[in-house]
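Visitor: Structure provided below as structure tokens; questions to follow.
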Amino acid sequence: MESGCGVVERTSWVPAGVDTGLPSAARLYDYLLGGGHNFAADRALAERFLLAQPNARAIARLNRAFLRRAVLHLIDRGVRQFLDLGSGIPTVGNVHEIARRSAPDARVVYVDFEDVAVAHSRLLLEDDPLATILQEDMTDPTAVLGAARGTGLLDFDRPIGLLMVGVFHFVPPEDDPAGVVAAYRDAVVPGSGLALSQFTSDLQPAEMAGIVEVMKRSMNPMYPRTHAEITDLFAGFDVVEPGVVPLPLWRPEEGAPDTDDPARAGIFAGVGLKK
Amino acid sequence: MAQPPARPRRRELAREWMTAVYPTAYVPLSPVEIERFLLDLVDVIADAVQAEPFTAAPIAEVGQRLVRNHFTGPETLQRTVEVLGRALLFTPELSDVPSLPEKVVAILGALSTGFATAMRLDAFDRQEEVKAALLAAKQRAERVLEVSEARFREVFTTSAFGIVVTDLDGVCVEANEALGEMVGVPFTELPGRRLVDLFHPADADALATRYHPTGVRRGERFREQRRLLRDDGEPVWVHLAVSLLHDADGAPAFHVTMVEDVSELHLLQKNLDHQLLHDSLTGLSNRQRFGSRLEAMHRKSHRGITLYHLDLDAFSVVNIGMGHAVGDRLLREVGRRLEVVVAGERALVARVAGDEFAIVVDNGPATPRVPEMVERINHALAEPMDCGTALSASIGVVDRPGADWDVDELLRAATATLHRAKAHGKRQWLPYDRHEDRRSRAWLARAARMPGALADAELEVEYRPVADFGSGRVHGRVARLRWDELGHGDCVELAEANGWSLVLGQWALREAAAAAAGWSAGVLHFVLSPMQSRDEDLVGTVMRVLDETALPGTGLRIHLDTRAMLAAGGDNAQVLRDNGIPIGLAGFNGGQAELSLLDELAADVVLLAPAAVRRLADRPGSLPHRAIGELVRSVREFGAAVCVPDLDTPALADWWREVGVDGAFGAFAGPAVPGYEL
């Protein structure tokens, strides 16, 4: 980090595991969404991110909006329980809040690895009997699934909505992304859903290269994928209409202003149902 | 008073507003929901514009509600002001509102203030949340750390294991009380000392290399059994478990050594090993250890080994007569004396069974030969024990067996030889004899097969004619056993050896009686085996057989074994006679005791011992030859008939006829035939 951006005074209340001088993607996302759960280093990173991709705030918003639509779509398909992998910092429109507006009995298990995200989620969900947060690495399905089963919240004999929204671009190729998805897929029953969105270099290659460069210097380097690669992640799922598309094109809601240019949306998104 | 703007216009405004702010912030609602929400706010604003008297107070709440519902993007307020300002100022329906521009400014100002205030409070709230979350995370981490630190302290201080932390130079940084106690040094004095100095010098060097930081990879432990050296010089056996700790940067920093005092365990283990391999009474090796040592000695020996298998003669007499305590003492003493006998040799003495000992000697240039060694053993045992008894032993010896013999073969050969030696009487010894051994092995194998053979009807009873020399005719038949090529004597000997004598005898008696009941071939002679002669149920058995077969008692001659009668008393013979069954004494040698027995029982017949008959046949003209005539005469005068078994040739038969015996059986009188031929 450049000095000046990275130098953050460590206050006594910051836990040992949290290095406020090292920006994290979760807090960057929070900042782009207008959240307040971030530190100077995160905001400095966000500014550079915005230089590389001026549309970043919109992309963050669109991605969050996709999450909402995907959850509601899965609820329409009968899914009542969700495993939100890489759930991030709970700011606006968390899965359990969205889901419960139409399905009050919905159960949600959040999974994240970032300390602030986990700490905040823990506070938020403290008194919620139907939702919880697990601090696990989503690329270790065995650990995640074991811990998720341990919560007793999810019934693996009934459909589960797997949410990997805006998170897979942090999974490097050497971590076998297809294998990770497959492991989760194999743990759930047919009729379960997968909502996945991730950055692509197909849409704005120059901006994407800039983002990759910026993120190289964070704790979370990014790995954009092509449309074909992202579609391949849905192996074993029937991808629902309209397929894997730029964020705003995925089942836009009635009355939505036509102000977001799909070509500048940065992220492909899709929902599949397990065969 | 102006009319409120038409409802459609308010909807139109809400839609415009939604379109303007929708891209500025993420609100987790559908566009339709957002529009409905904003329509509520439009109502509040429009109503305020038209209210009389005018107040902007309700508008502050609009700003707050926007923030509360996440309309909080950087451009959200600006776009809101633009949309609302234009709509309020230029909507035709509001054109007649007095002082409209002032009111619009007041309304937008109140909205902005409310928004800004709510944003500030929201930011505070978020910061509070972050703080709370972080604090919670920190406290959680600290609690875990505190608990684990407290737990570690507790383990460290109260553990029965010694625990010592050393730096990479091997110097103690911290040690607990348990370790202090193990080495006999106050644990507070251990820091600063080199850990290897606490170990036995023989272990120190090896440990020094093991403790090298590159010797242990991250997360690895090594375990060893070593000796600590107490302050007073006494070694303490310990188990060590050593792990290498790394600092935050992953560089090796400390060794943690767990030390378990196993000296008691060590002794116990040694003790247990000893118990497993030694005889608890004498402290000598047991059979198991003897077997493995024997094998090792046999394998490595240059001049060959000699194996002695000893059985104390009549030890059961001592044990029963003098009590087990004395017996135990004697066994210990025997063990001690045997060890003295082989003290100068590379040898091992073991107690391999109750009163059996074994000695293996690895022959050296000065090792005595077998006869001398046996002499030494006998001499050692013959020395009176403290209870006054002197012992003797029968010994089987396997001397310098071939290298190809395995340990089982060695032990078996020694045992077999011992049994042959015992058959010769007390204080006998025999060397292993391969030919003899083979014969006895085959014989024992045959004995083992007998029960099956009996069940499969491989054994049969056949009948030899008994010649009456007086009338010159056959006067009856004697029952003989046959098992393939084995004749009567072999069958009886086998049965006596394997314990089937009674069963076999009863079976044969029933077979023979049934055959005799149906023939007209005269009297049935049946010779009982020694065991059968002593059988307490003999009379019952005989009576039952007679009853079942309807053979009259007078048609039967039961010959009891003379030696068995001498040993067990003549009750069986007496009672048989009382029941009207003529009896004979078989295996009669004519000794004083036998004559007394004859006198006592008043037997009807005596059947001379086959061995005696053979001896006489071998040495015509000798003293026994002459003496037998006297014997026959005396017995006959007493009133008993004399019968001779197993005469093969007519010449022998003639000789015995000359002597004056009453009858005889054997090949001379005709072949043995099965019952159905009679």
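So you can find residues: chains in the structure tokens are A, B, ... in the order shown, residues in each start at 1, and ligands are numbered from 1 in order.
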Using only C-alpha atoms, determine which residues lie at most 8 Å from Val661 of chain B, disregarding the query and same-chain residues fewer than 2 positions distant; provide the list as a list in words.
Guide: Phe469, Val632, Ala641, Val642, Cys643, Val644, Trp656, Arg657, Glu658, Val659, Gly663 and Ala664 of chain B
Visitor: Write a file of the just-selected residues containing N, CA, C and O atoms, as a JSON list (two decimals), in the first residue's frame.
Guide:
[["chain", "number", "residue", "atom", "x", "y", "z"],
["B", 469, "PHE", "N", -5.18, -130.16, 25.68],
["B", 469, "PHE", "CA", -4.17, -131.19, 25.50],
["B", 469, "PHE", "C", -4.63, -132.52, 26.08],
["B", 469, "PHE", "O", -4.20, -133.59, 25.65],
["B", 632, "VAL", "N", 4.08, -125.46, 36.77],
["B", 632, "VAL", "CA", 2.86, -126.00, 36.19],
["B", 632, "VAL", "C", 2.29, -127.09, 37.10],
["B", 632, "VAL", "O", 1.10, -127.13, 37.40],
["B", 641, "ALA", "N", -6.29, -124.96, 36.17],
["B", 641, "ALA", "CA", -5.73, -125.40, 34.92],
["B", 641, "ALA", "C", -4.67, -124.40, 34.47],
["B", 641, "ALA", "O", -4.70, -123.23, 34.85],
["B", 642, "VAL", "N", -3.70, -124.87, 33.66],
["B", 642, "VAL", "CA", -2.67, -123.98, 33.12],
["B", 642, "VAL", "C", -2.80, -123.95, 31.61],
["B", 642, "VAL", "O", -2.86, -124.98, 30.97],
["B", 643, "CYS", "N", -2.86, -122.73, 31.10],
["B", 643, "CYS", "CA", -3.05, -122.55, 29.66],
["B", 643, "CYS", "C", -1.93, -121.67, 29.13],
["B", 643, "CYS", "O", -1.48, -120.75, 29.81],
["B", 644, "VAL", "N", -1.50, -121.91, 27.88],
["B", 644, "VAL", "CA", -0.37, -121.17, 27.32],
["B", 644, "VAL", "C", -0.83, -120.42, 26.06],
["B", 644, "VAL", "O", -1.42, -121.03, 25.18],
["B", 656, "TRP", "N", 5.16, -127.93, 25.31],
["B", 656, "TRP", "CA", 4.31, -127.54, 26.45],
["B", 656, "TRP", "C", 3.43, -128.70, 26.89],
["B", 656, "TRP", "O", 3.13, -128.85, 28.07],
["B", 657, "ARG", "N", 3.02, -129.48, 25.90],
["B", 657, "ARG", "CA", 2.22, -130.66, 26.28],
["B", 657, "ARG", "C", 3.04, -131.55, 27.19],
["B", 657, "ARG", "O", 2.56, -132.06, 28.20],
["B", 658, "GLU", "N", 4.34, -131.68, 26.82],
["B", 658, "GLU", "CA", 5.28, -132.46, 27.65],
["B", 658, "GLU", "C", 5.35, -131.91, 29.05],
["B", 658, "GLU", "O", 5.37, -132.65, 30.03],
["B", 659, "VAL", "N", 5.40, -130.59, 29.13],
["B", 659, "VAL", "CA", 5.52, -129.94, 30.44],
["B", 659, "VAL", "C", 4.29, -130.26, 31.29],
["B", 659, "VAL", "O", 4.37, -130.32, 32.51],
["B", 663, "GLY", "N", -3.82, -126.75, 28.34],
["B", 663, "GLY", "CA", -4.25, -126.33, 27.01],
["B", 663, "GLY", "C", -3.40, -125.18, 26.49],
["B", 663, "GLY", "O", -2.55, -124.64, 27.22],
["B", 664, "ALA", "N", -3.67, -124.82, 25.24],
["B", 664, "ALA", "CA", -2.91, -123.72, 24.64],
["B", 664, "ALA", "C", -3.67, -123.20, 23.43],
["B", 664, "ALA", "O", -4.53, -123.87, 22.87]]
Visitor: Mind listing the strand (DSSP E or B) residues of segment 553-649 of chain B, per DSSP on the backbone, as a PyMOL selection string?
Guide: chain B and resi 556-561+583-588+605-608+641-644
Visitor: Set the cut-off to 9 Å and count only C-alpha atoms: what are the residues of chain A that reach chain B? Output as a ChimeraX atom specification.
Guide: /A:13-18,33-38,57-58,60-62,64-65,68-69,92-94,98,115-124,253-260
Visitor: As a PyMOL selection string, please: all residues of segment 56-200 of chain A that backbone DSSP puts in helix (DSSP H, G or I).
Guide: chain A and resi 56-76+95-102+115-125+141-151+168-170+173-175+177-187
Visitor: Do you know which residues are at most 9 Å from Ala147 of chain A counting only C-alpha atoms, after dropping those on the same chain fewer than 4 positions away, and could you put them as a ChimeraX atom specification?
Guide: /A:134,136,142-143,151
Visitor: Which neighbours of segment 647-655 of chain B fall inside 7 Å, counting only C-alpha atoms, when residues of the same chain fewer than 6 positions from it are skipped, and could you give them as a VMD selection string?
Guide: chain B and resid 665 to 668
Visitor: With all heavy atoms retained, could you export that selection as a short mmCIF file (atom, residue, chain, number, x, y, z; two decimals), in the first residue's frame?
Guide:
data_model
loop_
_atom_site.label_atom_id
_atom_site.label_comp_id
_atom_site.auth_asym_id
_atom_site.auth_seq_id
_atom_site.Cartn_x
_atom_site.Cartn_y
_atom_site.Cartn_z
N PHE B 665 -3.35 -121.94 23.08
CA PHE B 665 -3.86 -121.45 21.80
C PHE B 665 -2.74 -120.76 21.05
O PHE B 665 -1.68 -120.46 21.61
CB PHE B 665 -5.10 -120.56 21.97
CG PHE B 665 -4.88 -119.34 22.85
CD1 PHE B 665 -4.39 -118.16 22.29
CD2 PHE B 665 -5.20 -119.38 24.21
CE1 PHE B 665 -4.24 -117.04 23.09
CE2 PHE B 665 -5.04 -118.25 24.99
CZ PHE B 665 -4.56 -117.08 24.45
N GLY B 666 -2.97 -120.57 19.77
CA GLY B 666 -1.91 -120.01 18.93
C GLY B 666 -2.06 -120.59 17.54
O GLY B 666 -2.97 -121.39 17.27
N ALA B 667 -1.15 -120.17 16.68
CA ALA B 667 -1.25 -120.54 15.27
C ALA B 667 -1.23 -122.04 15.07
O ALA B 667 -1.81 -122.57 14.12
CB ALA B 667 -0.11 -119.88 14.49
N PHE B 668 -0.57 -122.77 15.98
CA PHE B 668 -0.44 -124.24 15.80
C PHE B 668 -1.81 -124.92 15.75
O PHE B 668 -1.99 -125.94 15.12
CB PHE B 668 0.40 -124.84 16.95
CG PHE B 668 -0.39 -125.09 18.20
CD1 PHE B 668 -0.95 -126.37 18.46
CD2 PHE B 668 -0.62 -124.09 19.14
CE1 PHE B 668 -1.69 -126.60 19.61
CE2 PHE B 668 -1.34 -124.33 20.27
CZ PHE B 668 -1.88 -125.60 20.52
#
